[in-house]
There are 2 protein chains.
Amino acid sequence: MAKELGISISTVSRALSNHPSISDGTKKRVWQMAEQVNYQPNHLAAALRKGRSNLLGVMVPHIDGHFFSSVMHGIEKVASKAGFNVMICQSNEDVASERKNIETLMNAQVEGILVSLSRTTHDFKHFEKVRKREIPLVFFDRMLDGLNVSAVIIDDYQGAYQIMKHLLEQGNTRIAHFAGPQHLNIYKNRHQGYLDALRAYGIPYDENLVYYCDMKLEDGVEGMEKLLKLPVRPDAVFSSSDFSVVGAMQVLKSHQLRVPHDVALAGFSNETFTSLTEPRLTSVDQHCEQMGQTAVRLFLEMLDDHSGRFSPRRIVLQPEILIRESSVRPK
Amino acid sequence: MAKELGISISTVSRALSNHPSISDGTKKRVWQMAEQVNYQPNHLAAALRKGRSNLLGVMVPHIDGHFFSSVMHGIEKVASKAGFNVMICQSNEDVASERKNIETLMNAQVEGILVSLSRTTHDFKHFEKVRKREIPLVFFDRMLDGLNVSAVIIDDYQGAYQIMKHLLEQGNTRIAHFAGPQHLNIYKNRHQGYLDALRAYGIPYDENLVYYCDMKLEDGVEGMEKLLKLPVRPDAVFSSSDFSVVGAMQVLKSHQLRVPHDVALAGFSNETFTSLTEPRLTSVDQHCEQMGQTAVRLFLEMLDDHSGRFSPRRIVLQPEILIRESSVRPK
């Protein structure tokens, strides 16, 4: 570029970085030339040359709470060992942001994208471009059903089923369920675990006991208030999220009801606060770090595969039931 | 490029994306040419042409917990209104990662970088390049003293002083302090607030009551165990972090000591769990969302300034004292 314009390399470089010592006229000429030859800074050129940016992109619905930050720990651990830097984008549970973030990550020349879908994502369209460019794509935790993509998920069904089994074996017969958005695999599977456990124990399904919501603390407050207005109140609540079960606990306390004596509670995700509430909350641990580590390993496998015919793999991790005071009936 | 090589534009494009329909020989020729002209993909070329990537980089010590995720909310809100996408990197409290992340963000062509330093960062060297490239740089919450950079910080000194004032006015005279790493402004200022409040109330300083640590839950456990071994135990603890104060609470409960009757507790940061513990924890709210929003506004100001002589601004936000059961002496 310097040769073509008849100026020194350092002048070109300073012009490109908009250095004040370079005249506007020279800058203009350099920029026009840069546009013609599609100039790019060294690092990316080098990365392209080697076909490497050493950058791994991750998109999560949000970084709040225990779950995604723990998964991120697992991701960073394995990625950094493999020489990758990690960049995180949040969709904030909004599919429009998710679309923009996918563009952003691709533009940043990531070598792979790990995704956990937002609650408002109902289709795969915005990921087609990732696939076309043959950028390894791995879903973790939240994904859409029926997709032929690589993914690491938790056996949410088993987690829910085992928690329900525990609640049923404690003698509960009117078990309510706070259920999340059903188009997402995780909430659907937890709901199914709830239904199948009831059936296995011969407890008839009562639709009044299922409260569909967005799984926030406020949703749990609202759900519990509704349940307490039923002619016969539930003797237990299994919530697909810890946040909403804390909401339920607050409502029960404000009604002078005791946990677990009057209503037993169980959540899902093992958030940090589950062992700080009184009583401590029964929950399901999802081995978040392991999930993150596995997602990166899956990405590295895909990256190493040069056949171009990598068939998507799905890895299902087993959750762990953590039984604490909130669900154990006093003898 | 296509002209020079005597092939079609679509062939060049497919060769660059490593499309299987293009022969290896052609790919090689295209790649060599791309290297010569420093080829880069369209988006970045376009961004360079316009001088815009619409990308804002953020580096935080970690995404766990309430504080940084709330700041991120504030950042995303204002950034997205201004048309910016946000990318997050974690330093994991490690200065080596911080260095790598700065490179990563610059390589991704961010238009600005917002940073909160890791606990292990003691110098500014790795930020010099950012400054040289004239990429707007804004620090938030954690920074190094004596730097002439733009920053949004909390008046940590006032937060600590006010909490101490409250503890002193409750009649406490042996107030312990969990202090964080003193090279970071935030912990240093909180420690100073502790010292000055003691002096203002005529309480002599006792070095045995100050426990320096990394502010984790385990640190609080260790610190409280140590304090309980003193000939006379403290009647209150002011911790520069909520996590370590929860550790202290667990230790007190295990020793059958009551909070606040035997030992009053106060933390800092107003983590989500502070209102879930029993008793609920007194803490200092840092207006995290506002901090994030302000940091982005400062960046936008710098971006709009074409004089090249933007003088760094420092914005100090006032924290809010939240007095809860853990520190209020029963009458």
# chains A, B, ... in the order shown; residues from 1 in each chain; ligands from 1

call {"tool": "residues_around", "arguments": {"residues": "region 123-135 of chain A", "least_positions_apart": "2", "cutoff": "6 Å", "atoms": "only C-alpha atoms", "output": "ChimeraX atom specification"}}
result
/A:99,112,121

call {"tool": "residues_around", "arguments": {"residues": "Tyr205 (chain B)", "least_positions_apart": "2", "cutoff": "12 Å", "atoms": "only C-alpha atoms", "output": "PyMOL selection string"}}
result
chain B and resi 173-177+192+194-203+207-210

call {"tool": "write_last_selection", "arguments": {"atoms": "N, CA and C atoms", "output": "short mmCIF file (atom, residue, chain, number, x, y, z; two decimals), in the first residue's frame"}}
result
data_model
loop_
_atom_site.label_atom_id
_atom_site.label_comp_id
_atom_site.auth_asym_id
_atom_site.auth_seq_id
_atom_site.Cartn_x
_atom_site.Cartn_y
_atom_site.Cartn_z
N THR B 173 -18.59 -0.97 70.40
CA THR B 173 -17.30 -0.32 70.65
C THR B 173 -16.13 -1.17 70.14
N ARG B 174 -16.36 -2.48 70.00
CA ARG B 174 -15.31 -3.34 69.45
C ARG B 174 -15.75 -3.82 68.07
N ILE B 175 -15.54 -2.94 67.10
CA ILE B 175 -16.00 -3.26 65.75
C ILE B 175 -14.84 -3.78 64.91
N ALA B 176 -14.99 -5.03 64.46
CA ALA B 176 -13.95 -5.62 63.61
C ALA B 176 -14.19 -5.22 62.15
N HIS B 177 -13.14 -5.38 61.32
CA HIS B 177 -13.26 -5.05 59.90
C HIS B 177 -12.61 -6.12 59.04
N GLN B 192 -10.43 3.12 55.00
CA GLN B 192 -10.23 4.47 55.52
C GLN B 192 -11.50 4.98 56.21
N TYR B 194 -13.65 3.16 57.72
CA TYR B 194 -13.66 2.44 59.00
C TYR B 194 -12.81 3.17 60.03
N LEU B 195 -11.56 3.49 59.63
CA LEU B 195 -10.62 4.14 60.55
C LEU B 195 -11.11 5.51 61.00
N ASP B 196 -11.57 6.30 60.03
CA ASP B 196 -11.98 7.67 60.35
C ASP B 196 -13.22 7.71 61.24
N ALA B 197 -14.12 6.76 61.02
CA ALA B 197 -15.33 6.73 61.85
C ALA B 197 -14.95 6.39 63.29
N LEU B 198 -14.06 5.41 63.46
CA LEU B 198 -13.60 5.06 64.82
C LEU B 198 -13.04 6.30 65.50
N ARG B 199 -12.14 7.00 64.77
CA ARG B 199 -11.50 8.19 65.33
C ARG B 199 -12.55 9.23 65.71
N ALA B 200 -13.50 9.47 64.80
CA ALA B 200 -14.53 10.49 65.04
C ALA B 200 -15.33 10.18 66.30
N TYR B 201 -15.48 8.89 66.63
CA TYR B 201 -16.26 8.51 67.80
C TYR B 201 -15.37 8.20 69.01
N GLY B 202 -14.07 8.53 68.87
CA GLY B 202 -13.16 8.37 69.99
C GLY B 202 -12.88 6.93 70.39
N ILE B 203 -13.02 6.00 69.42
CA ILE B 203 -12.72 4.59 69.73
C ILE B 203 -11.28 4.31 69.29
N GLU B 207 -5.46 -3.18 66.05
CA GLU B 207 -5.10 -3.90 64.81
C GLU B 207 -5.57 -5.36 64.82
N ASN B 208 -5.78 -5.91 66.01
CA ASN B 208 -6.25 -7.30 66.07
C ASN B 208 -7.66 -7.47 65.51
N LEU B 209 -8.35 -6.35 65.39
CA LEU B 209 -9.73 -6.43 64.91
C LEU B 209 -9.84 -6.29 63.39
N VAL B 210 -8.70 -6.06 62.71
CA VAL B 210 -8.75 -5.93 61.25
C VAL B 210 -8.20 -7.20 60.59
#

call {"tool": "select_by_dssp", "arguments": {"residues": "region 18-205 of chain B", "states": "alpha helix (DSSP H)", "output": "PyMOL selection string"}}
result
chain B and resi 24-36+42-50+66-81+95-107+128-132+156-169+185-200

call {"tool": "residues_around", "arguments": {"residues": "Cys213 (chain A)", "least_positions_apart": "6", "cutoff": "12 Å", "atoms": "only C-alpha atoms", "output": "PyMOL selection string"}}
result
chain A and resi 119+177-182+187+219-224+239-241+243-244

call {"tool": "write_last_selection", "arguments": {"atoms": "N, CA and C atoms", "output": "mmCIF file, in the first residue's frame"}}
result
data_model
loop_
_atom_site.group_PDB
_atom_site.id
_atom_site.type_symbol
_atom_site.label_atom_id
_atom_site.label_comp_id
_atom_site.auth_asym_id
_atom_site.auth_seq_id
_atom_site.Cartn_x
_atom_site.Cartn_y
_atom_site.Cartn_z
ATOM 1 N N ARG A 119 -35.231 -17.010 26.238
ATOM 2 C CA ARG A 119 -36.587 -17.536 26.437
ATOM 3 C C ARG A 119 -37.504 -17.225 25.271
ATOM 4 N N HIS A 177 -46.735 -27.266 40.864
ATOM 5 C CA HIS A 177 -45.546 -27.106 40.020
ATOM 6 C C HIS A 177 -45.508 -25.715 39.406
ATOM 7 N N PHE A 178 -44.395 -25.017 39.615
ATOM 8 C CA PHE A 178 -44.146 -23.779 38.870
ATOM 9 C C PHE A 178 -43.409 -24.186 37.603
ATOM 10 N N ALA A 179 -44.062 -23.976 36.441
ATOM 11 C CA ALA A 179 -43.496 -24.446 35.176
ATOM 12 C C ALA A 179 -43.027 -23.278 34.326
ATOM 13 N N GLY A 180 -41.880 -23.422 33.665
ATOM 14 C CA GLY A 180 -41.340 -22.371 32.795
ATOM 15 C C GLY A 180 -41.856 -22.476 31.370
ATOM 16 N N PRO A 181 -41.410 -21.577 30.478
ATOM 17 C CA PRO A 181 -41.837 -21.569 29.071
ATOM 18 C C PRO A 181 -41.615 -22.932 28.416
ATOM 19 N N GLN A 182 -42.677 -23.520 27.912
ATOM 20 C CA GLN A 182 -42.636 -24.914 27.479
ATOM 21 C C GLN A 182 -41.974 -25.164 26.126
ATOM 22 N N TYR A 187 -37.437 -26.555 30.521
ATOM 23 C CA TYR A 187 -38.679 -26.445 31.299
ATOM 24 C C TYR A 187 -39.687 -27.514 30.904
ATOM 25 N N ASP A 219 -42.631 -14.057 40.093
ATOM 26 C CA ASP A 219 -43.556 -15.072 39.580
ATOM 27 C C ASP A 219 -43.895 -16.078 40.674
ATOM 28 N N GLY A 220 -42.896 -16.404 41.483
ATOM 29 C CA GLY A 220 -43.114 -17.343 42.573
ATOM 30 C C GLY A 220 -44.054 -16.760 43.614
ATOM 31 N N VAL A 221 -43.916 -15.457 43.858
ATOM 32 C CA VAL A 221 -44.802 -14.769 44.794
ATOM 33 C C VAL A 221 -46.242 -14.863 44.292
ATOM 34 N N GLU A 222 -46.417 -14.506 43.028
ATOM 35 C CA GLU A 222 -47.752 -14.523 42.437
ATOM 36 C C GLU A 222 -48.338 -15.941 42.420
ATOM 37 N N GLY A 223 -47.508 -16.889 42.026
ATOM 38 C CA GLY A 223 -47.957 -18.281 41.935
ATOM 39 C C GLY A 223 -48.397 -18.817 43.291
ATOM 40 N N MET A 224 -47.609 -18.525 44.315
ATOM 41 C CA MET A 224 -47.923 -19.042 45.649
ATOM 42 C C MET A 224 -49.200 -18.401 46.185
ATOM 43 N N SER A 239 -40.676 -26.287 42.045
ATOM 44 C CA SER A 239 -40.515 -25.209 41.079
ATOM 45 C C SER A 239 -39.360 -25.511 40.133
ATOM 46 N N SER A 240 -39.522 -25.182 38.853
ATOM 47 C CA SER A 240 -38.442 -25.397 37.886
ATOM 48 C C SER A 240 -37.330 -24.375 38.018
ATOM 49 N N SER A 241 -37.448 -23.465 38.986
ATOM 50 C CA SER A 241 -36.365 -22.507 39.236
ATOM 51 C C SER A 241 -36.291 -22.160 40.713
ATOM 52 N N PHE A 243 -35.341 -19.267 41.936
ATOM 53 C CA PHE A 243 -35.794 -17.905 42.195
ATOM 54 C C PHE A 243 -37.281 -17.884 42.565
ATOM 55 N N SER A 244 -38.089 -18.607 41.787
ATOM 56 C CA SER A 244 -39.517 -18.564 42.089
ATOM 57 C C SER A 244 -39.841 -19.304 43.388
#

call {"tool": "residues_around", "arguments": {"residues": "Cys89 (chain A)", "least_positions_apart": "3", "cutoff": "7 Å", "atoms": "only C-alpha atoms", "output": "VMD selection string"}}
result
(chain A and resid 58 to 60 101) or (chain B and resid 86 to 88)

call {"tool": "write_last_selection", "arguments": {"atoms": "N, CA and C atoms", "output": "short mmCIF file (atom, residue, chain, number, x, y, z; two decimals), in the first residue's frame"}}
result
data_model
loop_
_atom_site.label_atom_id
_atom_site.label_comp_id
_atom_site.auth_asym_id
_atom_site.auth_seq_id
_atom_site.Cartn_x
_atom_site.Cartn_y
_atom_site.Cartn_z
N VAL A 58 -19.28 -16.82 23.29
CA VAL A 58 -20.31 -17.49 24.09
C VAL A 58 -21.51 -16.56 24.18
N MET A 59 -22.69 -17.10 23.95
CA MET A 59 -23.88 -16.28 24.15
C MET A 59 -24.78 -16.93 25.19
N VAL A 60 -25.11 -16.16 26.21
CA VAL A 60 -25.98 -16.64 27.28
C VAL A 60 -27.19 -15.72 27.39
N ASN A 101 -26.15 -10.35 18.40
CA ASN A 101 -24.94 -10.89 19.01
C ASN A 101 -24.26 -11.93 18.15
N VAL B 86 -22.46 -5.15 22.96
CA VAL B 86 -21.52 -5.25 24.07
C VAL B 86 -20.89 -6.64 24.11
N MET B 87 -19.57 -6.67 24.29
CA MET B 87 -18.86 -7.93 24.48
C MET B 87 -18.19 -7.89 25.82
N ILE B 88 -18.29 -9.00 26.53
CA ILE B 88 -17.75 -9.05 27.89
C ILE B 88 -16.59 -10.02 27.97
#

call {"tool": "select_by_dssp", "arguments": {"residues": "region 202-279 of chain A", "states": "strand (DSSP E)", "output": "list in words"}}
result
Val210, Tyr211, Tyr212, Ala236, Val237, Phe238, Ser239, Ala264, Leu265 and Ala266 of chain A

call {"tool": "closest_atom_pairs", "arguments": {"of": "region 251-297 of chain A", "to": "region 314-323 of chain A", "cutoff": "10 Å", "atoms": "only C-alpha atoms", "output": "JSON lines"}}
result
{"residue": "A:Ala266", "atom": "CA", "partner": "A:Ile323", "partner_atom": "CA", "distance": 8.4}
{"residue": "A:Gly267", "atom": "CA", "partner": "A:Leu322", "partner_atom": "CA", "distance": 9.8}
{"residue": "A:Phe268", "atom": "CA", "partner": "A:Ile321", "partner_atom": "CA", "distance": 9.1}
{"residue": "A:Ser269", "atom": "CA", "partner": "A:Pro319", "partner_atom": "CA", "distance": 9.4}
{"residue": "A:Asn270", "atom": "CA", "partner": "A:Leu322", "partner_atom": "CA", "distance": 8.1}
{"residue": "A:Arg280", "atom": "CA", "partner": "A:Ile323", "partner_atom": "CA", "distance": 9.2}
{"residue": "A:Leu281", "atom": "CA", "partner": "A:Ile323", "partner_atom": "CA", "distance": 7.7}
{"residue": "A:Thr282", "atom": "CA", "partner": "A:Ile323", "partner_atom": "CA", "distance": 4.7}
{"residue": "A:Ser283", "atom": "CA", "partner": "A:Leu322", "partner_atom": "CA", "distance": 5.4}
{"residue": "A:Val284", "atom": "CA", "partner": "A:Ile321", "partner_atom": "CA", "distance": 4.7}
{"residue": "A:Asp285", "atom": "CA", "partner": "A:Glu320", "partner_atom": "CA", "distance": 5.1}
{"residue": "A:Gln286", "atom": "CA", "partner": "A:Pro319", "partner_atom": "CA", "distance": 4.8}
{"residue": "A:His287", "atom": "CA", "partner": "A:Pro319", "partner_atom": "CA", "distance": 6.6}
{"residue": "A:Cys288", "atom": "CA", "partner": "A:Pro319", "partner_atom": "CA", "distance": 9.5}
{"residue": "A:Gln290", "atom": "CA", "partner": "A:Leu317", "partner_atom": "CA", "distance": 8.5}
{"residue": "A:Met291", "atom": "CA", "partner": "A:Leu317", "partner_atom": "CA", "distance": 7.5}
{"residue": "A:Thr294", "atom": "CA", "partner": "A:Ile315", "partner_atom": "CA", "distance": 8.2}
{"residue": "A:Ala295", "atom": "CA", "partner": "A:Ile315", "partner_atom": "CA", "distance": 8.9}
